[in-house]
$ cat start_31.pdb   # PDB, C-alpha atoms
ATOM      1  CA  MET E   1       2.947 -40.344  16.506  1.00  0.00           C
ATOM      2  CA  LEU E   2       5.015 -37.712  14.635  1.00  0.00           C
ATOM      3  CA  ALA E   3       1.842 -36.128  13.216  1.00  0.00           C
ATOM      4  CA  ALA E   4       0.322 -35.818  16.698  1.00  0.00           C
ATOM      5  CA  THR E   5       3.525 -34.285  18.033  1.00  0.00           C
ATOM      6  CA  LEU E   6       3.769 -31.757  15.205  1.00  0.00           C
ATOM      7  CA  SER E   7       0.088 -30.919  15.550  1.00  0.00           C
ATOM      8  CA  GLY E   8       0.395 -30.338  19.296  1.00  0.00           C
ATOM      9  CA  CYS E   9       3.371 -28.010  18.949  1.00  0.00           C
ATOM     10  CA  GLY E  10       1.721 -25.548  16.565  1.00  0.00           C
ATOM     11  CA  TYR E  11       3.104 -26.815  13.255  1.00  0.00           C
ATOM     12  CA  ASN E  12      -0.325 -26.937  11.608  1.00  0.00           C
ATOM     13  CA  ASP E  13      -1.185 -23.492  12.964  1.00  0.00           C
ATOM     14  CA  LEU E  14       2.051 -22.152  11.487  1.00  0.00           C
ATOM     15  CA  GLN E  15       1.209 -23.669   8.103  1.00  0.00           C
ATOM     16  CA  ARG E  16      -2.323 -22.227   8.113  1.00  0.00           C
ATOM     17  CA  ALA E  17      -1.187 -18.775   9.230  1.00  0.00           C
ATOM     18  CA  ASP E  18       1.711 -18.694   6.753  1.00  0.00           C
ATOM     19  CA  GLU E  19      -0.613 -19.580   3.876  1.00  0.00           C
ATOM     20  CA  GLN E  20      -3.077 -16.885   4.972  1.00  0.00           C
ATOM     21  CA  VAL E  21      -0.278 -14.295   4.986  1.00  0.00           C
ATOM     22  CA  LYS E  22       0.771 -15.389   1.481  1.00  0.00           C
ATOM     23  CA  ALA E  23      -2.808 -15.210   0.209  1.00  0.00           C
ATOM     24  CA  ASN E  24      -3.376 -11.771   1.688  1.00  0.00           C
ATOM     25  CA  TRP E  25      -0.023 -10.565   0.364  1.00  0.00           C
ATOM     26  CA  SER E  26      -1.024 -11.740  -3.103  1.00  0.00           C
ATOM     27  CA  GLU E  27      -4.186  -9.647  -2.849  1.00  0.00           C
ATOM     28  CA  VAL E  28      -2.153  -6.574  -1.840  1.00  0.00           C
ATOM     29  CA  LEU E  29       0.084  -7.105  -4.873  1.00  0.00           C
ATOM     30  CA  ASN E  30      -2.962  -7.652  -7.080  1.00  0.00           C
ATOM     31  CA  GLN E  31      -4.399  -4.274  -6.065  1.00  0.00           C
ATOM     32  CA  TYR E  32      -1.062  -2.484  -6.463  1.00  0.00           C
ATOM     33  CA  GLN E  33      -0.788  -4.002  -9.952  1.00  0.00           C
ATOM     34  CA  ARG E  34      -4.318  -2.804 -10.760  1.00  0.00           C
ATOM     35  CA  ARG E  35      -3.267   0.712  -9.762  1.00  0.00           C
ATOM     36  CA  ALA E  36      -0.059   0.466 -11.804  1.00  0.00           C
ATOM     37  CA  ASP E  37      -2.084  -0.662 -14.833  1.00  0.00           C
ATOM     38  CA  LEU E  38      -4.418   2.347 -14.559  1.00  0.00           C
ATOM     39  CA  ILE E  39      -1.661   4.940 -14.308  1.00  0.00           C
ATOM     40  CA  PRO E  40      -0.512   5.011 -17.965  1.00  0.00           C
ATOM     41  CA  ASN E  41      -4.068   5.695 -19.140  1.00  0.00           C
ATOM     42  CA  LEU E  42      -4.527   8.379 -16.495  1.00  0.00           C
ATOM     43  CA  VAL E  43      -1.221  10.059 -17.360  1.00  0.00           C
ATOM     44  CA  ASN E  44      -2.005   9.994 -21.086  1.00  0.00           C
ATOM     45  CA  THR E  45      -5.424  11.535 -20.507  1.00  0.00           C
ATOM     46  CA  VAL E  46      -3.980  14.306 -18.338  1.00  0.00           C
ATOM     47  CA  LYS E  47      -1.086  14.849 -20.760  1.00  0.00           C
ATOM     48  CA  GLY E  48      -3.502  15.923 -23.467  1.00  0.00           C
ATOM     49  CA  TYR E  49      -4.913  18.698 -21.287  1.00  0.00           C
ATOM     50  CA  ALA E  50      -1.937  19.707 -19.168  1.00  0.00           C
ATOM     51  CA  SER E  51       1.130  19.333 -21.337  1.00  0.00           C
ATOM     52  CA  HIS E  52       3.007  22.031 -19.409  1.00  0.00           C
ATOM     53  CA  GLU E  53       2.668  19.969 -16.183  1.00  0.00           C
ATOM     54  CA  GLN E  54       5.445  17.705 -17.437  1.00  0.00           C
ATOM     55  CA  ASP E  55       7.272  17.558 -14.066  1.00  0.00           C
ATOM     56  CA  THR E  56       4.237  16.143 -12.282  1.00  0.00           C
ATOM     57  CA  LEU E  57       3.517  13.654 -15.047  1.00  0.00           C
ATOM     58  CA  THR E  58       7.164  12.548 -15.111  1.00  0.00           C
ATOM     59  CA  ALA E  59       7.136  12.082 -11.325  1.00  0.00           C
ATOM     60  CA  VAL E  60       4.102   9.787 -11.603  1.00  0.00           C
ATOM     61  CA  VAL E  61       5.646   7.761 -14.418  1.00  0.00           C
ATOM     62  CA  ASN E  62       8.968   7.447 -12.557  1.00  0.00           C
ATOM     63  CA  ALA E  63       7.269   6.474  -9.294  1.00  0.00           C
ATOM     64  CA  ARG E  64       5.264   3.827 -11.144  1.00  0.00           C
ATOM     65  CA  ALA E  65       8.424   2.470 -12.742  1.00  0.00           C
ATOM     66  CA  GLN E  66      10.146   2.274  -9.371  1.00  0.00           C
ATOM     67  CA  ALA E  67       7.151   0.623  -7.692  1.00  0.00           C
ATOM     68  CA  THR E  68       6.703  -1.964 -10.419  1.00  0.00           C
ATOM     69  CA  GLY E  69      10.458  -2.513 -10.705  1.00  0.00           C
ATOM     70  CA  ILE E  70      10.631  -4.215  -7.315  1.00  0.00           C
ATOM     71  CA  ASN E  71      10.327  -7.982  -7.624  1.00  0.00           C
ATOM     72  CA  ALA E  72       7.489  -8.571  -5.165  1.00  0.00           C
ATOM     73  CA  THR E  73       7.722 -12.293  -4.554  1.00  0.00           C
ATOM     74  CA  PRO E  74       6.072 -14.053  -1.605  1.00  0.00           C
ATOM     75  CA  GLU E  75       9.534 -14.215  -0.001  1.00  0.00           C
ATOM     76  CA  LEU E  76       9.522 -10.414   0.227  1.00  0.00           C
ATOM     77  CA  VAL E  77       7.380 -10.633   3.372  1.00  0.00           C
ATOM     78  CA  ASN E  78      10.192 -12.524   5.105  1.00  0.00           C
ATOM     79  CA  ASP E  79      12.805  -9.852   4.352  1.00  0.00           C
ATOM     80  CA  PRO E  80      12.138  -6.685   6.399  1.00  0.00           C
ATOM     81  CA  GLU E  81      14.611  -4.595   4.373  1.00  0.00           C
ATOM     82  CA  ALA E  82      13.149  -5.581   0.999  1.00  0.00           C
ATOM     83  CA  PHE E  83       9.639  -5.160   2.399  1.00  0.00           C
ATOM     84  CA  ALA E  84      10.508  -1.616   3.543  1.00  0.00           C
ATOM     85  CA  LYS E  85      11.843  -0.743   0.065  1.00  0.00           C
ATOM     86  CA  PHE E  86       8.667  -2.076  -1.535  1.00  0.00           C
ATOM     87  CA  ASP E  87       6.481  -0.110   0.873  1.00  0.00           C
ATOM     88  CA  ALA E  88       8.516   3.075   0.328  1.00  0.00           C
ATOM     89  CA  ALA E  89       8.161   2.745  -3.446  1.00  0.00           C
ATOM     90  CA  GLN E  90       4.396   2.325  -3.117  1.00  0.00           C
ATOM     91  CA  GLN E  91       4.184   5.341  -0.796  1.00  0.00           C
ATOM     92  CA  GLN E  92       6.164   7.402  -3.320  1.00  0.00           C
ATOM     93  CA  LEU E  93       3.702   6.388  -6.038  1.00  0.00           C
ATOM     94  CA  THR E  94       0.761   7.323  -3.811  1.00  0.00           C
ATOM     95  CA  SER E  95       2.339  10.730  -3.198  1.00  0.00           C
ATOM     96  CA  ALA E  96       2.971  11.312  -6.909  1.00  0.00           C
ATOM     97  CA  LEU E  97      -0.648  10.413  -7.701  1.00  0.00           C
ATOM     98  CA  SER E  98      -1.851  12.844  -5.040  1.00  0.00           C
ATOM     99  CA  ARG E  99       0.184  15.636  -6.652  1.00  0.00           C
ATOM    100  CA  LEU E 100      -1.300  14.698 -10.033  1.00  0.00           C
ATOM    101  CA  MET E 101      -4.829  15.010  -8.636  1.00  0.00           C
ATOM    102  CA  VAL E 102      -3.974  18.510  -7.338  1.00  0.00           C
ATOM    103  CA  VAL E 103      -2.803  19.468 -10.835  1.00  0.00           C
ATOM    104  CA  VAL E 104      -6.053  18.155 -12.298  1.00  0.00           C
ATOM    105  CA  GLU E 105      -8.030  20.624 -10.168  1.00  0.00           C
ATOM    106  CA  ARG E 106      -6.621  23.422 -12.350  1.00  0.00           C
ATOM    107  CA  TYR E 107      -8.227  22.013 -15.504  1.00  0.00           C
ATOM    108  CA  PRO E 108     -12.041  22.117 -15.511  1.00  0.00           C
ATOM    109  CA  ASP E 109     -12.196  20.690 -19.048  1.00  0.00           C
ATOM    110  CA  LEU E 110     -10.160  17.693 -17.955  1.00  0.00           C
ATOM    111  CA  LYS E 111     -12.359  17.122 -14.899  1.00  0.00           C
ATOM    112  CA  ALA E 112     -15.372  17.177 -17.228  1.00  0.00           C
ATOM    113  CA  ASN E 113     -13.802  14.618 -19.604  1.00  0.00           C
ATOM    114  CA  GLU E 114     -15.706  11.332 -19.356  1.00  0.00           C
ATOM    115  CA  ASN E 115     -12.600   9.166 -19.830  1.00  0.00           C
ATOM    116  CA  PHE E 116     -10.782  11.017 -17.084  1.00  0.00           C
ATOM    117  CA  ARG E 117     -13.753  10.758 -14.718  1.00  0.00           C
ATOM    118  CA  ASP E 118     -13.956   7.006 -15.356  1.00  0.00           C
ATOM    119  CA  LEU E 119     -10.223   6.578 -14.766  1.00  0.00           C
ATOM    120  CA  GLN E 120     -10.355   8.707 -11.622  1.00  0.00           C
ATOM    121  CA  ALA E 121     -13.272   6.633 -10.274  1.00  0.00           C
ATOM    122  CA  GLN E 122     -11.394   3.417 -11.030  1.00  0.00           C
ATOM    123  CA  LEU E 123      -8.276   4.772  -9.324  1.00  0.00           C
ATOM    124  CA  GLU E 124     -10.253   5.846  -6.251  1.00  0.00           C
ATOM    125  CA  GLY E 125     -11.873   2.405  -6.093  1.00  0.00           C
ATOM    126  CA  THR E 126      -8.469   0.780  -6.433  1.00  0.00           C
ATOM    127  CA  GLU E 127      -7.041   2.906  -3.610  1.00  0.00           C
ATOM    128  CA  ASN E 128      -9.934   1.697  -1.429  1.00  0.00           C
ATOM    129  CA  ARG E 129      -9.212  -1.907  -2.448  1.00  0.00           C
ATOM    130  CA  ILE E 130      -5.544  -1.391  -1.578  1.00  0.00           C
ATOM    131  CA  THR E 131      -6.534  -0.187   1.881  1.00  0.00           C
ATOM    132  CA  VAL E 132      -8.767  -3.210   2.451  1.00  0.00           C
ATOM    133  CA  ALA E 133      -6.117  -5.628   1.148  1.00  0.00           C
ATOM    134  CA  ARG E 134      -3.419  -4.034   3.313  1.00  0.00           C
ATOM    135  CA  ASN E 135      -5.673  -4.241   6.373  1.00  0.00           C
ATOM    136  CA  ARG E 136      -6.299  -7.940   5.742  1.00  0.00           C
ATOM    137  CA  TYR E 137      -2.583  -8.509   5.278  1.00  0.00           C
ATOM    138  CA  ILE E 138      -1.770  -6.626   8.490  1.00  0.00           C
ATOM    139  CA  LYS E 139      -4.256  -8.789  10.411  1.00  0.00           C
ATOM    140  CA  SER E 140      -2.916 -12.039   8.941  1.00  0.00           C
ATOM    141  CA  VAL E 141       0.679 -11.041   9.759  1.00  0.00           C
ATOM    142  CA  GLN E 142      -0.419 -10.219  13.295  1.00  0.00           C
ATOM    143  CA  ASP E 143      -2.060 -13.632  13.669  1.00  0.00           C
ATOM    144  CA  TYR E 144       0.994 -15.368  12.194  1.00  0.00           C
ATOM    145  CA  ASN E 145       3.458 -13.457  14.380  1.00  0.00           C
ATOM    146  CA  VAL E 146       1.473 -14.289  17.514  1.00  0.00           C
ATOM    147  CA  ILE E 147       1.808 -17.993  16.681  1.00  0.00           C
ATOM    148  CA  VAL E 148       5.529 -17.634  15.874  1.00  0.00           C
ATOM    149  CA  ARG E 149       6.184 -15.841  19.159  1.00  0.00           C
ATOM    150  CA  SER E 150       3.922 -17.916  21.467  1.00  0.00           C
ATOM    151  CA  PHE E 151       5.093 -20.938  23.440  1.00  0.00           C
ATOM    152  CA  PRO E 152       5.335 -23.824  22.465  1.00  0.00           C
ATOM    153  CA  SER E 153       4.777 -22.974  18.786  1.00  0.00           C
ATOM    154  CA  ASN E 154       7.761 -20.595  18.925  1.00  0.00           C
ATOM    155  CA  LEU E 155      10.004 -23.648  19.341  1.00  0.00           C
ATOM    156  CA  THR E 156       8.439 -25.261  16.274  1.00  0.00           C
ATOM    157  CA  ALA E 157       8.744 -22.010  14.315  1.00  0.00           C
ATOM    158  CA  LYS E 158      12.418 -21.772  15.166  1.00  0.00           C
ATOM    159  CA  ALA E 159      13.047 -25.437  14.333  1.00  0.00           C
ATOM    160  CA  PHE E 160      11.343 -25.189  10.943  1.00  0.00           C
ATOM    161  CA  GLY E 161      12.576 -21.705  10.008  1.00  0.00           C
ATOM    162  CA  TYR E 162       9.433 -19.597  10.378  1.00  0.00           C
ATOM    163  CA  PRO E 163      10.619 -16.066  11.253  1.00  0.00           C
ATOM    164  CA  VAL E 164       8.473 -13.155  12.388  1.00  0.00           C
ATOM    165  CA  LYS E 165       7.142 -11.404   9.274  1.00  0.00           C
ATOM    166  CA  ALA E 166       7.470  -7.712   8.461  1.00  0.00           C
ATOM    167  CA  ASN E 167       4.357  -5.583   8.395  1.00  0.00           C
ATOM    168  CA  PHE E 168       3.388  -2.226   6.937  1.00  0.00           C
ATOM    169  CA  SER E 169       4.405   0.764   8.998  1.00  0.00           C
ATOM    170  CA  VAL E 170       4.061   4.508   8.858  1.00  0.00           C
ATOM    171  CA  ALA E 171       7.002   6.165   7.111  1.00  0.00           C
ATOM    172  CA  ASN E 172       7.178   9.143   9.463  1.00  0.00           C
ATOM    173  CA  GLU E 173       5.302   8.257  12.625  1.00  0.00           C
ATOM    174  CA  SER E 174       6.368  11.381  14.525  1.00  0.00           C
ATOM    175  CA  ALA E 175       4.921  13.613  11.810  1.00  0.00           C
ATOM    176  CA  ILE E 176       1.466  12.066  12.024  1.00  0.00           C
ATOM    177  CA  SER E 177       1.439  11.925  15.821  1.00  0.00           C
ATOM    178  CA  THR E 178       1.998  15.687  16.085  1.00  0.00           C
ATOM    179  CA  PRO E 179      -1.289  17.601  16.183  1.00  0.00           C
ATOM    180  CA  PRO E 180      -1.732  19.970  13.249  1.00  0.00           C
ATOM    181  CA  THR E 181      -1.261  23.684  13.812  1.00  0.00           C
ATOM    182  CA  VAL E 182      -4.406  25.638  13.105  1.00  0.00           C
ATOM    183  CA  ASP E 183      -3.924  29.321  12.454  1.00  0.00           C
ATOM    184  CA  PHE E 184      -6.711  31.523  11.255  1.00  0.00           C
ATOM    185  CA  GLY E 185      -4.333  34.438  10.818  1.00  0.00           C
ATOM    186  CA  GLY E 186      -4.973  35.905  14.242  1.00  0.00           C
ATOM    187  CA  ASN E 187      -7.401  38.450  12.813  1.00  0.00           C
ATOM    188  CA  LYS E 188     -10.445  38.933  14.971  1.00  0.00           C
ATOM    189  CA  PRO E 189     -13.685  40.071  13.400  1.00  0.00           C
ATOM    190  CA  ALA E 190     -14.688  43.652  14.065  1.00  0.00           C
ATOM    191  CA  GLY E 191     -16.351  43.983  17.435  1.00  0.00           C
ATOM    192  CA  ALA E 192     -14.781  40.745  18.820  1.00  0.00           C
ATOM    193  CA  ARG E 193     -12.933  40.900  22.130  1.00  0.00           C
TER     194      ARG E 193
END
$ encode --input "start_31.pdb" --output "structure tokens"
Amino acid sequence: MLAATLSGCGYNDLQRADEQVKANWSEVLNQYQRRADLIPNLVNTVKGYASHEQDTLTAVVNARAQATGINATPELVNDPEAFAKFDAAQQQLTSALSRLMVVVERYPDLKANENFRDLQAQLEGTENRITVARNRYIKSVQDYNVIVRSFPSNLTAKAFGYPVKANFSVANESAISTPPTVDFGGNKPAGAR
């Protein structure tokens, strides 16, 4: 009788959705760890060619340390503040890596180095895997949150302590919603009206 009651009130759906969120979160962490593992090799390879780019290399190393310094347990997804700190650290690392790739453009010998090309390809593949893993996590959190917020499973969620879970968000939404300004310098070609 109790099993039928719990089943009818969404308890099993909550369990399934919660486990899916945890599994997808683990995959996100797995891909972030893969990226963190690649960074020391990438930095060391660049260091040999661009020793005077120390500020950029230090920024990457520091961002990696900050990102890997956050204890990313499965409980992190239930704490919006901790989740936001984790996401911010990962975004900072992404930004530092982007700056490193800009620096690399200045060094044709480095871009031609086989080890660097392999590392860059692995990093690009990892960034794609991170995107896929984050998308799967976002979808599983959406599915979970719908169950937690829908009647009558919302009553079960409240009774058994299943809160709405945090999800990834855009750090500066207003900046990306503003159309870019395109300016070609205002110079018209000769003969143009």
$ residues_around --input "start_31.pdb" --residues "Ala84 in chain E" --least-positions-apart "5" --cutoff "10 Å" --atoms "only C-alpha atoms" --output "PyMOL selection string"
chain E and resi 76-77+79+89-90+166-169+171
$ closest_residue --input "start_31.pdb" --among "E:Ala59, E:Ala157, E:Ile39, E:Leu93" --to "Tyr11 in chain E" --atoms "all atoms listed in the file"
E:Ala157
$ resolve_selection --input "start_31.pdb" --expression "the PyMOL selection byres ((chain E and resi 20) around 12)" --output "PyMOL selection string"
chain E and resi 13-19+21-27+74+136-145
$ closest_residue --input "start_31.pdb" --among "E:Arg149, E:Asn128, E:Val60, E:Asp37" --to "Leu97 in chain E" --atoms "all atoms listed in the file"
E:Val60
$ atom_distance --input "start_31.pdb" --atom1 "CA of Val164 in chain E" --atom2 "CA of Glu75 in chain E"
12.5 Å
$ residues_around --input "start_31.pdb" --residues "Ala50 in chain E" --least-positions-apart "2" --cutoff "12 Å" --atoms "all atoms listed in the file" --output "list in words"
Leu42, Val43, Asn44, Thr45, Val46, Lys47, Gly48, His52, Glu53, Gln54, Asp55, Thr56, Leu57, Leu100, Met101, Val103, Val104, Glu105, Arg106, Tyr107, Pro108, Asp109, Leu110 and Lys111 of chain E
$ closest_residue --input "start_31.pdb" --among "E:Gln92, E:Asn12, E:Asn41, E:Gln33" --to "Ile147 in chain E" --atoms "all atoms listed in the file"
E:Asn12
$ atom_distance --input "start_31.pdb" --atom1 "CA of Gln31 in chain E" --atom2 "CA of Lys165 in chain E"
20.5 Å
$ axis_aligned_box --input "start_31.pdb" --around "range 67-72 of chain E" --padding-each-side "6 Å" --output "JSON"
{"center_x": 8.7, "center_y": -4.0, "center_z": -7.9, "size_x": 15.9, "size_y": 21.2, "size_z": 17.5}
$ decode --input "start_31.pdb" --residues "range 99-111 of chain E" --atoms "all heavy atoms" --output "PDB file, in the first residue's frame"
ATOM      1  N   ARG E  99      42.592  33.600 -23.843  1.00  0.00           N
ATOM      2  CA  ARG E  99      43.703  34.561 -23.943  1.00  0.00           C
ATOM      3  C   ARG E  99      45.001  33.846 -24.330  1.00  0.00           C
ATOM      4  O   ARG E  99      45.805  34.375 -25.103  1.00  0.00           O
ATOM      5  CB  ARG E  99      43.871  35.329 -22.628  1.00  0.00           C
ATOM      6  CG  ARG E  99      42.758  36.335 -22.382  1.00  0.00           C
ATOM      7  CD  ARG E  99      43.052  37.264 -21.212  1.00  0.00           C
ATOM      8  NE  ARG E  99      43.334  36.598 -19.958  1.00  0.00           N
ATOM      9  CZ  ARG E  99      42.436  36.171 -19.086  1.00  0.00           C
ATOM     10  NH1 ARG E  99      41.156  36.324 -19.341  1.00  0.00           N
ATOM     11  NH2 ARG E  99      42.798  35.585 -17.960  1.00  0.00           N
ATOM     12  N   LEU E 100      45.196  32.643 -23.808  1.00  0.00           N
ATOM     13  CA  LEU E 100      46.396  31.874 -24.154  1.00  0.00           C
ATOM     14  C   LEU E 100      46.406  31.548 -25.651  1.00  0.00           C
ATOM     15  O   LEU E 100      47.437  31.637 -26.312  1.00  0.00           O
ATOM     16  CB  LEU E 100      46.468  30.588 -23.329  1.00  0.00           C
ATOM     17  CG  LEU E 100      47.663  29.680 -23.603  1.00  0.00           C
ATOM     18  CD1 LEU E 100      48.970  30.384 -23.254  1.00  0.00           C
ATOM     19  CD2 LEU E 100      47.526  28.379 -22.823  1.00  0.00           C
ATOM     20  N   MET E 101      45.249  31.190 -26.187  1.00  0.00           N
ATOM     21  CA  MET E 101      45.188  30.853 -27.618  1.00  0.00           C
ATOM     22  C   MET E 101      45.467  32.088 -28.479  1.00  0.00           C
ATOM     23  O   MET E 101      46.048  31.970 -29.563  1.00  0.00           O
ATOM     24  CB  MET E 101      43.820  30.255 -27.973  1.00  0.00           C
ATOM     25  CG  MET E 101      43.598  28.870 -27.395  1.00  0.00           C
ATOM     26  SD  MET E 101      44.886  27.709 -27.922  1.00  0.00           S
ATOM     27  CE  MET E 101      45.414  27.050 -26.367  1.00  0.00           C
ATOM     28  N   VAL E 102      45.102  33.274 -28.015  1.00  0.00           N
ATOM     29  CA  VAL E 102      45.424  34.506 -28.744  1.00  0.00           C
ATOM     30  C   VAL E 102      46.931  34.714 -28.745  1.00  0.00           C
ATOM     31  O   VAL E 102      47.525  35.079 -29.765  1.00  0.00           O
ATOM     32  CB  VAL E 102      44.688  35.721 -28.115  1.00  0.00           C
ATOM     33  CG1 VAL E 102      45.214  37.037 -28.672  1.00  0.00           C
ATOM     34  CG2 VAL E 102      43.190  35.606 -28.352  1.00  0.00           C
ATOM     35  N   VAL E 103      47.570  34.475 -27.616  1.00  0.00           N
ATOM     36  CA  VAL E 103      49.029  34.602 -27.513  1.00  0.00           C
ATOM     37  C   VAL E 103      49.711  33.648 -28.490  1.00  0.00           C
ATOM     38  O   VAL E 103      50.684  34.007 -29.161  1.00  0.00           O
ATOM     39  CB  VAL E 103      49.500  34.335 -26.058  1.00  0.00           C
ATOM     40  CG1 VAL E 103      51.003  34.109 -25.999  1.00  0.00           C
ATOM     41  CG2 VAL E 103      49.091  35.477 -25.159  1.00  0.00           C
ATOM     42  N   VAL E 104      49.194  32.452 -28.588  1.00  0.00           N
ATOM     43  CA  VAL E 104      49.787  31.420 -29.442  1.00  0.00           C
ATOM     44  C   VAL E 104      49.833  31.873 -30.900  1.00  0.00           C
ATOM     45  O   VAL E 104      50.767  31.530 -31.638  1.00  0.00           O
ATOM     46  CB  VAL E 104      48.996  30.100 -29.282  1.00  0.00           C
ATOM     47  CG1 VAL E 104      49.337  29.111 -30.376  1.00  0.00           C
ATOM     48  CG2 VAL E 104      49.271  29.505 -27.917  1.00  0.00           C
ATOM     49  N   GLU E 105      48.847  32.673 -31.309  1.00  0.00           N
ATOM     50  CA  GLU E 105      48.802  33.139 -32.701  1.00  0.00           C
ATOM     51  C   GLU E 105      50.066  33.917 -33.076  1.00  0.00           C
ATOM     52  O   GLU E 105      50.415  33.998 -34.245  1.00  0.00           O
ATOM     53  CB  GLU E 105      47.559  33.998 -32.932  1.00  0.00           C
ATOM     54  CG  GLU E 105      46.263  33.228 -32.863  1.00  0.00           C
ATOM     55  CD  GLU E 105      46.164  32.133 -33.916  1.00  0.00           C
ATOM     56  OE1 GLU E 105      46.536  32.373 -35.078  1.00  0.00           O
ATOM     57  OE2 GLU E 105      45.720  31.028 -33.564  1.00  0.00           O
ATOM     58  N   ARG E 106      50.750  34.475 -32.098  1.00  0.00           N
ATOM     59  CA  ARG E 106      51.948  35.275 -32.364  1.00  0.00           C
ATOM     60  C   ARG E 106      53.195  34.413 -32.601  1.00  0.00           C
ATOM     61  O   ARG E 106      54.261  34.943 -32.879  1.00  0.00           O
ATOM     62  CB  ARG E 106      52.224  36.211 -31.183  1.00  0.00           C
ATOM     63  CG  ARG E 106      51.139  37.219 -30.964  1.00  0.00           C
ATOM     64  CD  ARG E 106      51.544  38.177 -29.854  1.00  0.00           C
ATOM     65  NE  ARG E 106      50.352  38.595 -29.140  1.00  0.00           N
ATOM     66  CZ  ARG E 106      50.271  38.819 -27.859  1.00  0.00           C
ATOM     67  NH1 ARG E 106      51.323  38.668 -27.091  1.00  0.00           N
ATOM     68  NH2 ARG E 106      49.145  39.192 -27.298  1.00  0.00           N
ATOM     69  N   TYR E 107      53.073  33.111 -32.445  1.00  0.00           N
ATOM     70  CA  TYR E 107      54.241  32.236 -32.506  1.00  0.00           C
ATOM     71  C   TYR E 107      54.044  31.130 -33.545  1.00  0.00           C
ATOM     72  O   TYR E 107      53.573  30.046 -33.235  1.00  0.00           O
ATOM     73  CB  TYR E 107      54.519  31.625 -31.123  1.00  0.00           C
ATOM     74  CG  TYR E 107      54.815  32.685 -30.102  1.00  0.00           C
ATOM     75  CD1 TYR E 107      53.799  33.193 -29.300  1.00  0.00           C
ATOM     76  CD2 TYR E 107      56.096  33.193 -29.970  1.00  0.00           C
ATOM     77  CE1 TYR E 107      54.057  34.191 -28.380  1.00  0.00           C
ATOM     78  CE2 TYR E 107      56.365  34.196 -29.043  1.00  0.00           C
ATOM     79  CZ  TYR E 107      55.341  34.686 -28.256  1.00  0.00           C
ATOM     80  OH  TYR E 107      55.597  35.674 -27.352  1.00  0.00           O
ATOM     81  N   PRO E 108      54.422  31.409 -34.798  1.00  0.00           N
ATOM     82  CA  PRO E 108      54.230  30.408 -35.855  1.00  0.00           C
ATOM     83  C   PRO E 108      54.965  29.087 -35.581  1.00  0.00           C
ATOM     84  O   PRO E 108      54.463  28.023 -35.910  1.00  0.00           O
ATOM     85  CB  PRO E 108      54.776  31.078 -37.121  1.00  0.00           C
ATOM     86  CG  PRO E 108      55.062  32.482 -36.766  1.00  0.00           C
ATOM     87  CD  PRO E 108      55.015  32.639 -35.291  1.00  0.00           C
ATOM     88  N   ASP E 109      56.147  29.177 -34.961  1.00  0.00           N
ATOM     89  CA  ASP E 109      56.889  27.945 -34.659  1.00  0.00           C
ATOM     90  C   ASP E 109      56.126  27.079 -33.661  1.00  0.00           C
ATOM     91  O   ASP E 109      56.130  25.856 -33.758  1.00  0.00           O
ATOM     92  CB  ASP E 109      58.280  28.265 -34.087  1.00  0.00           C
ATOM     93  CG  ASP E 109      59.198  28.883 -35.129  1.00  0.00           C
ATOM     94  OD1 ASP E 109      58.878  28.795 -36.331  1.00  0.00           O
ATOM     95  OD2 ASP E 109      60.224  29.459 -34.729  1.00  0.00           O
ATOM     96  N   LEU E 110      55.498  27.725 -32.700  1.00  0.00           N
ATOM     97  CA  LEU E 110      54.713  26.987 -31.715  1.00  0.00           C
ATOM     98  C   LEU E 110      53.509  26.331 -32.385  1.00  0.00           C
ATOM     99  O   LEU E 110      53.211  25.168 -32.139  1.00  0.00           O
ATOM    100  CB  LEU E 110      54.246  27.919 -30.591  1.00  0.00           C
ATOM    101  CG  LEU E 110      53.294  27.312 -29.562  1.00  0.00           C
ATOM    102  CD1 LEU E 110      53.947  26.128 -28.851  1.00  0.00           C
ATOM    103  CD2 LEU E 110      52.861  28.359 -28.559  1.00  0.00           C
ATOM    104  N   LYS E 111      52.822  27.090 -33.245  1.00  0.00           N
ATOM    105  CA  LYS E 111      51.652  26.525 -33.933  1.00  0.00           C
ATOM    106  C   LYS E 111      52.043  25.348 -34.816  1.00  0.00           C
ATOM    107  O   LYS E 111      51.240  24.467 -35.070  1.00  0.00           O
ATOM    108  CB  LYS E 111      50.944  27.601 -34.755  1.00  0.00           C
ATOM    109  CG  LYS E 111      50.266  28.629 -33.879  1.00  0.00           C
ATOM    110  CD  LYS E 111      49.423  29.660 -34.573  1.00  0.00           C
ATOM    111  CE  LYS E 111      49.638  29.919 -35.996  1.00  0.00           C
ATOM    112  NZ  LYS E 111      48.848  31.006 -36.561  1.00  0.00           N
TER     113      LYS E 111
END
